[in-house]
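J.: I am attaching a structure below and will ask some questions about it afterwards.
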Amino acid sequence: MAAERPLTAALGDGIVQIRLPMTGNPMGYINAYLLQDDDGWTLVDCGWKAADVFAALEAGLAEHGRALSDVRRLLITHVHFDHYGLAGTLRRAGVPVLAMHPRDWEMAQRHLTDPDAFDRAADAWIARNGFELIDAEGFVDELQHHRTELTRPTELLEDGADVGRLRAMWTPGHTPGHLCFLDRVSGKLLTGDHVLDPVTPHVGIWHDGRGDALGDYERSLERVAACGAAGALPAHGEPFADVAGRAAELLAHHRHRERQILYALERGAGSATDVARALPWRRRGDPFDQLQEMHRQFAVAETLAHLQHLEAQGIVVRDAAVTPIRYAVAERAQRV
Ligand SMILES: [Zn+2]
Ligand SMILES: [Zn+2]
């Protein structure tokens with residue numbers, strides 16, 4: 001990892017990027033963005049709940065002659081702990097407004113009211129899809145629960161809502177209520193975890209349900225590609241110019257993945273874990289069995305997102321009466 005990154009970067013148009021630490025995580029940091037508005041500053045995302053994150057936020061504000069009392073509102077792109085964890089601390093410190101999409105507020109309540117029960121249910125679901133826990137370390141490291149807290153929003157933002165200089169764009173997929181924010185001053189899009197570069201955002205199925213998260217995600221990518229944004233301000237990595245080009249790359253990646261999955265099914269893979277085991281992983285193309293246990297669970301959840309997307313289109317059928325749940329190419333979709 002590069003040493004000594006500056007804490008903040010002034011990006012012009014009254015936008016400041018603050019790199020908040022993710023200590024111990026390979027991502028390194030998350031970008032929060034401060035935007036100067038008529039009535040004060042808008043903060044988008046806030047890092048997880050930890051003393052070093054709070055200190056970095058205060059130091060970042062101070063670098064630009066500001067304090068927490070100048071922050072008028074906190075907007076959350078989605079309720080993953082690295083984006084939302086510190087929200088309760090900031091509300092108690094006096095930030096008057098906390099806003100997010102209603103679908104992510106529902107998800108936060110489902111995950112965080114009893115996080116251990118939620119983790120056990122996710123483990124059980126992945127196991128039902130053929131995954132054998134070896135280390136029994138479970139899905140989420142315990143520390144995650146200490147880095148977030150359930151904090152009620154003061155406002156819920158629907159698609160198209162204007163908040164100061166920003167316009168909310170509902171982009172479900174990475175989470176059900178993920179929001180991007182289009183800045184009407186600079187024309188740039190705050191992409192949260194929806195569009196990242198070079199990381200491929202995670203889209204996974206972690207519970208038993210008939211939803212089509214990947215279909216939602218692909219439609220959201222098409223929407224973002226067509227919105228005419230002048231550049232991306234992502235939550236991880238550095239800002240980049242070509243939002244539509246990166247969205248097209250991610251769509252092409254998923255189409256390629258889909259072909260690999262159909263090939264694996266045609267060659268006899270049955271469960272989501274069988275399929276995941278037949279695929280190359282990460283940019284290096286690592287074999288499934290060389291991944292750490294937690295990453296193998298993520299791989300199965302991502303494979304399930306593809307399988308459910310194919311099922312939603314009638315290309316794949318599933319038999320949930322057996323354990324593990326089995327998938328097969330639908331007869332009418334088979335090649336002759
Ligand atoms: Zn996320
Ligand atoms: Zn994130």
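Following the order of the structure tokens, chains are lettered A, B, ..., residues in each are numbered from 1, and ligands are numbered from 1.
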Which protein, DNA or RNA residues have an atom within 7 Å of ligand 2, counting only C-alpha atoms and all ligand atoms, as a PDB file with N, CA and C atoms, in the first residue's frame?

T.:
ATOM      1  N   ILE A  30     -11.760   4.506   3.201  1.00  0.00           N
ATOM      2  CA  ILE A  30     -12.980   4.828   2.466  1.00  0.00           C
ATOM      3  C   ILE A  30     -12.998   6.331   2.245  1.00  0.00           C
ATOM      4  N   HIS A  80     -23.762  -0.451   4.602  1.00  0.00           N
ATOM      5  CA  HIS A  80     -22.610  -1.264   4.993  1.00  0.00           C
ATOM      6  C   HIS A  80     -21.800  -0.514   6.044  1.00  0.00           C
ATOM      7  N   ASP A  82     -18.807   0.174   6.700  1.00  0.00           N
ATOM      8  CA  ASP A  82     -17.739   1.136   6.401  1.00  0.00           C
ATOM      9  C   ASP A  82     -18.279   2.477   5.890  1.00  0.00           C
ATOM     10  N   HIS A  83     -19.575   2.546   5.616  1.00  0.00           N
ATOM     11  CA  HIS A  83     -20.180   3.787   5.111  1.00  0.00           C
ATOM     12  C   HIS A  83     -21.089   4.445   6.149  1.00  0.00           C
ATOM     13  N   ASP A 193     -20.525   2.450  -3.479  1.00  0.00           N
ATOM     14  CA  ASP A 193     -19.897   1.187  -3.882  1.00  0.00           C
ATOM     15  C   ASP A 193     -20.531   0.626  -5.158  1.00  0.00           C
ATOM     16  N   ALA A 235     -16.488   5.587  -3.481  1.00  0.00           N
ATOM     17  CA  ALA A 235     -16.231   5.455  -2.045  1.00  0.00           C
ATOM     18  C   ALA A 235     -14.915   4.734  -1.760  1.00  0.00           C
ATOM     19  N   HIS A 236     -14.420   3.949  -2.706  1.00  0.00           N
ATOM     20  CA  HIS A 236     -13.109   3.309  -2.548  1.00  0.00           C
ATOM     21  C   HIS A 236     -12.312   3.577  -3.818  1.00  0.00           C
TER      22      HIS A 236
END

J.: Identify, counting only C-alpha atoms and all ligand atoms, the protein, DNA and RNA residues located within 12 Å of ligand 1, and give them as a PyMOL selection string.

T.: chain A and resi 27+30+45+47-48+76-85+104+172-179+191-196+199-204+234-236

J.: Next, write the just-selected residues to a file, as a PDB file, in the first residue's frame, keeping C-alpha atoms as the atom set.

T.:
ATOM      1  CA  MET A  27      -9.210  -1.695   1.242  1.00  0.00           C
ATOM      2  CA  ILE A  30     -12.980   4.828   2.466  1.00  0.00           C
ATOM      3  CA  ASP A  45     -20.694   8.573   4.008  1.00  0.00           C
ATOM      4  CA  GLY A  47     -16.613   5.496   7.781  1.00  0.00           C
ATOM      5  CA  TRP A  48     -17.056   2.877  10.456  1.00  0.00           C
ATOM      6  CA  ILE A  76     -25.473   7.551   3.419  1.00  0.00           C
ATOM      7  CA  THR A  77     -24.974   5.805   0.066  1.00  0.00           C
ATOM      8  CA  HIS A  78     -25.741   2.433   1.728  1.00  0.00           C
ATOM      9  CA  VAL A  79     -25.727   0.924   5.208  1.00  0.00           C
ATOM     10  CA  HIS A  80     -22.610  -1.264   4.993  1.00  0.00           C
ATOM     11  CA  PHE A  81     -20.598  -0.692   8.139  1.00  0.00           C
ATOM     12  CA  ASP A  82     -17.739   1.136   6.401  1.00  0.00           C
ATOM     13  CA  HIS A  83     -20.180   3.787   5.111  1.00  0.00           C
ATOM     14  CA  TYR A  84     -22.685   4.069   7.970  1.00  0.00           C
ATOM     15  CA  GLY A  85     -21.012   2.766  11.145  1.00  0.00           C
ATOM     16  CA  ASP A 104     -31.432   0.299   3.142  1.00  0.00           C
ATOM     17  CA  PRO A 172     -30.166  -1.082  -6.146  1.00  0.00           C
ATOM     18  CA  GLY A 173     -27.902  -4.125  -6.530  1.00  0.00           C
ATOM     19  CA  HIS A 174     -24.911  -3.859  -4.183  1.00  0.00           C
ATOM     20  CA  THR A 175     -27.571  -3.274  -1.512  1.00  0.00           C
ATOM     21  CA  PRO A 176     -31.350  -2.975  -2.056  1.00  0.00           C
ATOM     22  CA  GLY A 177     -31.382   0.742  -1.228  1.00  0.00           C
ATOM     23  CA  HIS A 178     -28.031   1.872  -2.570  1.00  0.00           C
ATOM     24  CA  LEU A 179     -27.986   5.545  -3.591  1.00  0.00           C
ATOM     25  CA  THR A 191     -21.001   6.437  -6.826  1.00  0.00           C
ATOM     26  CA  GLY A 192     -20.726   4.881  -3.332  1.00  0.00           C
ATOM     27  CA  ASP A 193     -19.897   1.187  -3.882  1.00  0.00           C
ATOM     28  CA  HIS A 194     -22.049   0.918  -7.027  1.00  0.00           C
ATOM     29  CA  VAL A 195     -19.278   1.776  -9.515  1.00  0.00           C
ATOM     30  CA  LEU A 196     -15.667   1.302  -8.398  1.00  0.00           C
ATOM     31  CA  VAL A 199     -12.540  -3.195  -7.753  1.00  0.00           C
ATOM     32  CA  THR A 200     -15.601  -5.148  -8.962  1.00  0.00           C
ATOM     33  CA  PRO A 201     -18.395  -4.287  -6.504  1.00  0.00           C
ATOM     34  CA  HIS A 202     -19.810  -7.262  -4.593  1.00  0.00           C
ATOM     35  CA  VAL A 203     -23.328  -8.376  -5.522  1.00  0.00           C
ATOM     36  CA  GLY A 204     -24.336 -11.456  -3.559  1.00  0.00           C
ATOM     37  CA  PRO A 234     -16.240   6.574  -5.668  1.00  0.00           C
ATOM     38  CA  ALA A 235     -16.231   5.455  -2.045  1.00  0.00           C
ATOM     39  CA  HIS A 236     -13.109   3.309  -2.548  1.00  0.00           C
TER      40      HIS A 236
END

J.: Enumerate the residues of region 75-125 of chain A with a DSSP assignment of strand (DSSP E or B), computed from the backbone, and present them as an MDAnalysis selection string.

T.: chainID A and resid 75 97:100

J.: Export, as a compact mmCIF listing (two decimals), in the first residue's frame, the selected residues with N, CA and C atoms.

T.:
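To be explicit, this is the file written out as result-v1.txt:
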# COMPACT_ATOMS: atom_id res chain seq x y z
N LEU A 75 -25.40 12.18 4.49
CA LEU A 75 -26.12 11.30 3.56
C LEU A 75 -25.35 9.99 3.46
N VAL A 97 -29.00 16.15 10.57
CA VAL A 97 -29.78 15.38 9.59
C VAL A 97 -29.00 14.13 9.18
N LEU A 98 -29.71 13.00 9.16
CA LEU A 98 -29.14 11.74 8.65
C LEU A 98 -30.14 11.19 7.64
N ALA A 99 -29.69 10.95 6.41
CA ALA A 99 -30.63 10.53 5.36
C ALA A 99 -30.08 9.35 4.58
N MET A 100 -31.00 8.47 4.15
CA MET A 100 -30.67 7.27 3.37
C MET A 100 -31.93 6.80 2.65

J.: Can you list, as a list in words, all residues belonging to region 143-174 of chain A that DSSP tags as helix (DSSP H, G or I)?

T.: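 DSSP on the backbone gives helix (DSSP H, G or I) at Leu143, Gln144, His145 and His146 of chain A.
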
J.: If we count only C-alpha atoms, what is near Asp70 (chain A) at a cut-off of 10 Å, once residues fewer than 6 positions away on the same chain are taken out, given as a PyMOL selection string?

T.: chain A and resi 36+39-42+61+94-95

J.: Contacts of Ala244 (chain A) at 7 Å or less, counting only C-alpha atoms, minus same-chain residues fewer than 4 places along, as a ChimeraX atom specification?

T.: /A:224-226,248

J.: Convert the current residue selection to file output with N, CA and C atoms, as a short mmCIF file (atom, residue, chain, number, x, y, z; two decimals), in the first residue's frame.

T.:
data_model
loop_
_atom_site.label_atom_id
_atom_site.label_comp_id
_atom_site.auth_asym_id
_atom_site.auth_seq_id
_atom_site.Cartn_x
_atom_site.Cartn_y
_atom_site.Cartn_z
N VAL A 224 -26.82 4.47 -14.65
CA VAL A 224 -25.71 5.35 -14.33
C VAL A 224 -24.93 5.68 -15.62
N ALA A 225 -24.79 4.68 -16.51
CA ALA A 225 -24.06 4.91 -17.76
C ALA A 225 -24.76 5.98 -18.60
N ALA A 226 -26.09 6.06 -18.46
CA ALA A 226 -26.86 6.97 -19.31
C ALA A 226 -27.08 8.34 -18.66
N ALA A 248 -19.86 0.11 -18.41
CA ALA A 248 -19.88 -0.85 -19.53
C ALA A 248 -18.92 -2.00 -19.27
#

J.: Closest to Trp105 (chain A) among A:Asp37, A:Glu218, A:Glu158, A:Glu302, using only C-alpha atoms?

T.: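 Smallest distance to Trp105 (chain A) is found for A:Glu158.
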
J.: When you count only C-alpha atoms, which of these residues is closest to Gly211 (chain A): A:Ala269, A:Leu310, A:Cys227, A:Ala59?

T.: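 Looking at the shortest contact to Gly211 (chain A), the residue is A:Leu310.
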
J.: Give the answer as one residue: which of A:Pro21, A:Arg210, A:Arg296, A:Arg257 has the shortest atom-to-atom distance to Asp123 (chain A), using only C-alpha atoms?

T.: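 Distance minimum relative to Asp123 (chain A) lands on A:Arg296.
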